[in-house]
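A.B. asks: You'll find data.txt just under this line, and it carries compact mmCIF, C-alpha atoms.
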# COMPACT_ATOMS: atom_id res chain seq x y z
CA MET G 1 83.45 78.19 85.06
CA SER G 2 85.44 81.09 86.44
CA THR G 3 86.47 84.10 84.45
CA TYR G 4 89.20 86.51 85.43
CA LEU G 5 88.78 90.26 85.39
CA VAL G 6 91.23 93.09 85.86
CA LEU G 7 89.66 96.18 87.37
CA THR G 8 91.18 99.65 87.29
CA VAL G 9 89.70 101.99 89.86
CA ILE G 10 90.02 105.73 90.39
CA GLY G 11 88.11 108.30 92.40
CA ASP G 12 88.42 111.05 94.97
CA ASP G 13 89.98 109.53 98.08
CA ARG G 14 87.69 109.03 101.05
CA PRO G 15 87.15 106.44 103.78
CA GLY G 16 85.18 103.39 102.70
CA LEU G 17 86.14 103.11 99.03
CA VAL G 18 87.87 99.74 99.37
CA GLY G 19 84.96 98.47 101.45
CA GLU G 20 82.42 99.48 98.79
CA LEU G 21 84.50 97.91 96.04
CA SER G 22 85.00 94.67 97.95
CA ALA G 23 81.31 94.50 98.90
CA ALA G 24 80.27 94.71 95.24
CA ILE G 25 82.75 91.99 94.31
CA SER G 26 81.61 89.72 97.16
CA ALA G 27 77.92 90.32 96.42
CA HIS G 28 78.52 88.73 93.00
CA GLN G 29 80.52 85.83 94.45
CA GLY G 30 83.74 87.33 93.13
CA ASN G 31 87.09 86.44 94.65
CA TRP G 32 89.60 89.29 95.17
CA LEU G 33 92.95 87.80 94.06
CA GLU G 34 95.64 90.48 93.73
CA SER G 35 95.70 94.24 93.97
CA SER G 36 97.82 97.32 94.18
CA MET G 37 96.26 100.52 95.46
CA ALA G 38 97.42 103.94 96.56
CA GLN G 39 96.34 107.46 97.37
CA LEU G 40 97.91 109.83 94.85
CA ALA G 41 97.34 113.60 94.88
CA GLY G 42 94.00 113.24 96.64
CA LYS G 43 92.83 110.47 94.31
CA PHE G 44 92.42 106.81 95.17
CA ALA G 45 93.81 104.64 92.38
CA GLY G 46 94.13 100.91 92.11
CA ILE G 47 94.17 97.79 90.04
CA VAL G 48 92.55 94.53 91.17
CA GLU G 49 92.45 91.01 89.74
CA VAL G 50 89.17 89.21 90.45
CA SER G 51 87.89 85.73 89.64
CA VAL G 52 84.15 85.37 89.26
CA ASP G 53 81.76 82.80 87.85
CA ALA G 54 81.24 83.61 84.16
CA ALA G 55 77.48 83.86 84.78
CA GLN G 56 78.09 86.69 87.30
CA ALA G 57 80.68 88.68 85.31
CA ASP G 58 78.28 91.02 83.50
CA ALA G 59 76.24 91.72 86.64
CA LEU G 60 79.44 92.44 88.56
CA GLY G 61 80.58 94.84 85.83
CA LYS G 62 77.26 96.70 86.02
CA ALA G 63 77.38 96.87 89.82
CA LEU G 64 80.93 98.24 89.72
CA GLY G 65 79.83 100.88 87.22
CA GLN G 66 77.20 102.10 89.69
CA LEU G 67 79.59 102.72 92.58
CA LYS G 68 79.36 106.40 93.51
CA GLY G 69 82.54 108.40 93.30
CA LEU G 70 84.53 105.61 91.64
CA LYS G 71 85.31 105.10 87.99
CA VAL G 72 85.86 101.37 87.47
CA THR G 73 87.08 99.90 84.20
CA VAL G 74 86.65 96.15 83.74
CA GLU G 75 88.86 94.12 81.39
CA SER G 76 88.60 90.39 80.81
CA ALA G 77 91.77 88.40 81.24
CA ALA G 78 92.02 85.52 78.79
CA VAL G 79 93.65 83.14 81.24
CA GLN G 80 94.68 83.50 84.84
CA LYS G 81 98.34 82.58 85.14
CA LEU G 82 99.60 81.32 88.46
CA ALA G 83 103.19 81.82 87.33
CA PRO G 84 104.77 83.47 84.32
CA GLU G 85 105.52 81.20 81.39
CA GLY G 86 108.95 79.64 81.59
CA VAL G 87 109.35 80.77 85.20
CA ALA G 88 112.17 78.26 85.73
CA ASN G 89 114.06 79.85 82.84
CA THR G 90 113.35 83.47 83.76
CA ARG G 91 115.84 85.75 85.44
CA ARG G 92 114.48 87.99 88.14
CA LEU G 93 116.11 91.36 88.80
CA LYS G 94 115.53 94.25 91.17
CA LEU G 95 116.36 97.82 90.21
CA ALA G 96 116.60 100.63 92.76
CA LEU G 97 117.10 104.28 91.82
CA VAL G 98 117.48 107.50 93.80
CA GLY G 99 118.48 110.96 92.69
CA HIS G 100 117.40 114.55 92.30
CA ASP G 101 113.96 114.65 90.72
CA ARG G 102 113.79 115.75 87.10
CA ILE G 103 111.71 115.13 84.01
CA GLY G 104 112.54 112.00 82.02
CA ILE G 105 114.02 109.64 84.61
CA VAL G 106 111.39 106.90 84.17
CA ARG G 107 111.46 107.33 80.38
CA GLU G 108 115.24 106.96 80.14
CA VAL G 109 115.43 103.92 82.42
CA SER G 110 112.44 102.18 80.83
CA GLN G 111 113.91 102.66 77.34
CA VAL G 112 117.15 100.95 78.42
CA LEU G 113 115.17 98.08 79.95
CA ALA G 114 113.06 97.69 76.81
CA ASN G 115 116.16 97.73 74.60
CA HIS G 116 117.42 94.72 76.57
CA ALA G 117 113.99 92.95 76.47
CA VAL G 118 113.60 93.33 80.23
CA ASN G 119 109.99 93.25 81.46
CA VAL G 120 108.85 95.52 84.30
CA GLU G 121 106.62 93.44 86.58
CA SER G 122 106.17 96.15 89.19
CA LEU G 123 107.30 99.72 89.63
CA GLU G 124 106.93 101.83 92.76
CA THR G 125 108.02 105.45 92.84
CA HIS G 126 107.83 108.34 95.28
CA THR G 127 109.47 111.66 96.01
CA SER G 128 110.94 112.92 99.26
CA SER G 129 112.84 115.89 100.62
CA ALA G 130 116.59 115.52 100.62
CA PRO G 131 118.14 115.64 104.10
CA MET G 132 119.65 119.01 104.94
CA SER G 133 118.30 120.72 101.79
CA ALA G 134 115.11 121.66 100.03
CA ALA G 135 115.88 119.45 97.02
CA VAL G 136 113.33 116.87 95.92
CA LEU G 137 114.61 113.31 95.56
CA PHE G 138 113.02 110.77 93.22
CA HIS G 139 112.98 107.13 94.36
CA ALA G 140 112.07 104.09 92.27
CA VAL G 141 112.08 100.35 92.91
CA ALA G 142 111.27 97.93 90.10
CA GLU G 143 110.86 94.17 89.98
CA LEU G 144 112.03 92.94 86.58
CA THR G 145 112.14 89.70 84.59
CA ALA G 146 114.33 88.81 81.65
CA ALA G 147 115.32 85.90 79.46
CA PRO G 148 118.04 83.60 80.80
CA ASP G 149 120.48 84.79 78.13
CA LEU G 150 120.29 88.46 79.22
CA ASP G 151 123.70 90.14 79.05
CA VAL G 152 123.60 91.66 82.53
CA GLY G 153 126.98 93.30 82.00
CA ALA G 154 125.73 95.22 78.96
CA LEU G 155 122.52 96.19 80.76
CA THR G 156 124.46 97.36 83.83
CA GLY G 157 126.86 99.34 81.64
CA GLU G 158 124.05 101.15 79.88
CA LEU G 159 122.27 101.86 83.19
CA GLU G 160 125.53 103.26 84.61
CA ARG G 161 125.92 105.51 81.56
CA ILE G 162 122.44 106.98 81.92
CA SER G 163 122.79 107.25 85.70
CA ASN G 164 125.68 109.64 85.10
CA ASP G 165 123.63 111.64 82.57
CA LEU G 166 120.59 111.73 84.90
CA MET G 167 122.71 112.24 88.05
CA VAL G 168 120.99 109.38 89.88
CA ASP G 169 122.24 106.25 91.63
CA ILE G 170 120.97 103.02 90.08
CA THR G 171 121.56 99.56 91.50
CA LEU G 172 120.63 96.35 89.73
CA ASP G 173 120.62 93.05 91.60
CA GLU G 174 119.62 89.57 90.55
CA THR G 175 117.16 88.04 92.98
CA ILE G 176 116.13 84.49 93.71
CA ARG G 177 112.62 83.62 92.58
CA ALA G 178 110.61 82.27 95.49
So, in terms of structure tokens, how does the structure I just supplied come out?

C.D. replies:
Amino acid sequence: MSTYLVLTVIGDDRPGLVGELSAAISAHQGNWLESSMAQLAGKFAGIVEVSVDAAQADALGKALGQLKGLKVTVESAAVQKLAPEGVANTRRLKLALVGHDRIGIVREVSQVLANHAVNVESLETHTSSAPMSAAVLFHAVAELTAAPDLDVGALTGELERISNDLMVDITLDETIRA
């Protein structure tokens, strides 16, 4: 019987970290399912979903805890879901944001989304230099899901209001679920 684990990983970035992590997982007959990893401020950070035979789960957890230079946290997932519940009835949205970097952008946008019961499935952010100036721009792209009865007009209106307050451009598009 397989069990599903979610691993969070962080450590000083260096060549070979992913190889060491994957070797420990493979050595315990674990299957690497999904992951998202990045180098941030000299640190390597990631999250990985793994399936492993229940009999190997504890040994895998111990092996991951012994990896040098990596802090690995292991959480059991109750059930591995191949698709979100009610996927046929779920609306999928994509939000893109760009503007001058300032404190509170993610907080303000996430509060609006939460107020409309919109779930953030993924969020990617980065900063860049503005062309022709020394200003720092903040960029965000989010994949979102919501109930079929979401009032997109009300959500868009509230996002437009905060985009003026934050001085950022926000676009919200409905996407087709593949």

A.B. asks: Which one of G:Ser76, G:Ser129, G:Asn164, G:Thr90 sits closest to Glu108 of chain G if you count only C-alpha atoms?

C.D. replies: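 Result for the nearest residue to Glu108 of chain G: G:Asn164.
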
A.B. asks: Residues around (105.5, 105.6, 90.4), cut-off 12 Å, counting only C-alpha atoms - what are they as a list in words?

C.D. replies: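 The answer, in the requested form, is Ser36, Met37, Ala38, Gln39, Leu40, Ala45, Leu97, Ile105, Val106, Arg107, Ser122, Leu123, Glu124, Thr125, His126, Thr127, Phe138, His139, Ala140, Val141 and Ala142 of chain G.
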
A.B. asks: Deliver the residues from the most recent selection as a file, using C-alpha atoms, as a compact mmCIF listing (two decimals), in the frame of the given file.

C.D. replies:
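Output (part_24.txt):
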# COMPACT_ATOMS: atom_id res chain seq x y z
CA SER G 36 97.82 97.32 94.18
CA MET G 37 96.26 100.52 95.46
CA ALA G 38 97.42 103.94 96.56
CA GLN G 39 96.34 107.46 97.37
CA LEU G 40 97.91 109.83 94.85
CA ALA G 45 93.81 104.64 92.38
CA LEU G 97 117.10 104.28 91.82
CA ILE G 105 114.02 109.64 84.61
CA VAL G 106 111.39 106.90 84.17
CA ARG G 107 111.46 107.33 80.38
CA SER G 122 106.17 96.15 89.19
CA LEU G 123 107.30 99.72 89.63
CA GLU G 124 106.93 101.83 92.76
CA THR G 125 108.02 105.45 92.84
CA HIS G 126 107.83 108.34 95.28
CA THR G 127 109.47 111.66 96.01
CA PHE G 138 113.02 110.77 93.22
CA HIS G 139 112.98 107.13 94.36
CA ALA G 140 112.07 104.09 92.27
CA VAL G 141 112.08 100.35 92.91
CA ALA G 142 111.27 97.93 90.10

A.B. asks: What is the atom CA of His116 of chain G-atom CA of His100 of chain G distance in Å, reported with one decimal?

C.D. replies: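 Atom CA of His116 of chain G sits 25.3 Å away from atom CA of His100 of chain G.
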
A.B. asks: Select, from G:Val48, G:Leu150, G:Leu113, G:Ala41, the residue with the minimum atom-to-atom distance to Thr73 of chain G, counting only C-alpha atoms.

C.D. replies: G:Val48

A.B. asks: Leaving out segment 18-31 of chain G and any residue of its chain fewer than 2 positions from it, which residues lie within 9 Å of it when counting all atoms listed in the file, given as number ranges by chain?

C.D. replies: G: 15-16, 33, 49-53, 56-57, 59-60, 63-64, 67, 70

A.B. asks: Given the selection you just returned, output its residues as a file containing C-alpha atoms, formatted as an mmCIF file, in the coordinates of the input.

C.D. replies:
data_model
loop_
_atom_site.group_PDB
_atom_site.id
_atom_site.type_symbol
_atom_site.label_atom_id
_atom_site.label_comp_id
_atom_site.auth_asym_id
_atom_site.auth_seq_id
_atom_site.Cartn_x
_atom_site.Cartn_y
_atom_site.Cartn_z
ATOM 1 C CA PRO G 15 87.150 106.440 103.780
ATOM 2 C CA GLY G 16 85.180 103.390 102.700
ATOM 3 C CA LEU G 33 92.950 87.800 94.060
ATOM 4 C CA GLU G 49 92.450 91.010 89.740
ATOM 5 C CA VAL G 50 89.170 89.210 90.450
ATOM 6 C CA SER G 51 87.890 85.730 89.640
ATOM 7 C CA VAL G 52 84.150 85.370 89.260
ATOM 8 C CA ASP G 53 81.760 82.800 87.850
ATOM 9 C CA GLN G 56 78.090 86.690 87.300
ATOM 10 C CA ALA G 57 80.680 88.680 85.310
ATOM 11 C CA ALA G 59 76.240 91.720 86.640
ATOM 12 C CA LEU G 60 79.440 92.440 88.560
ATOM 13 C CA ALA G 63 77.380 96.870 89.820
ATOM 14 C CA LEU G 64 80.930 98.240 89.720
ATOM 15 C CA LEU G 67 79.590 102.720 92.580
ATOM 16 C CA LEU G 70 84.530 105.610 91.640
#

A.B. asks: Given the choices G:Ile103, G:Ala54, G:Met167, G:Val74, which gets closest to Met1 of chain G if the distance is worked out from all atoms listed in the file?

C.D. replies: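 When distances to Met1 of chain G are compared using all atoms listed in the file, the smallest one comes from G:Ala54.
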
A.B. asks: For a test of reading the model, state the distance in Å between atom CA of Ala154 of chain G and atom CA of Gly99 of chain G, rounded to one decimal.

C.D. replies: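 Between atom CA of Ala154 of chain G and atom CA of Gly99 of chain G the gap is 22.1 Å.
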
A.B. asks: Closest to Asp165 of chain G among G:Tyr4, G:Val109, G:Gln66, G:Phe44, using all atoms listed in the file?

C.D. replies: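 Checking each candidate against Asp165 of chain G, we get G:Val109 as the closest.
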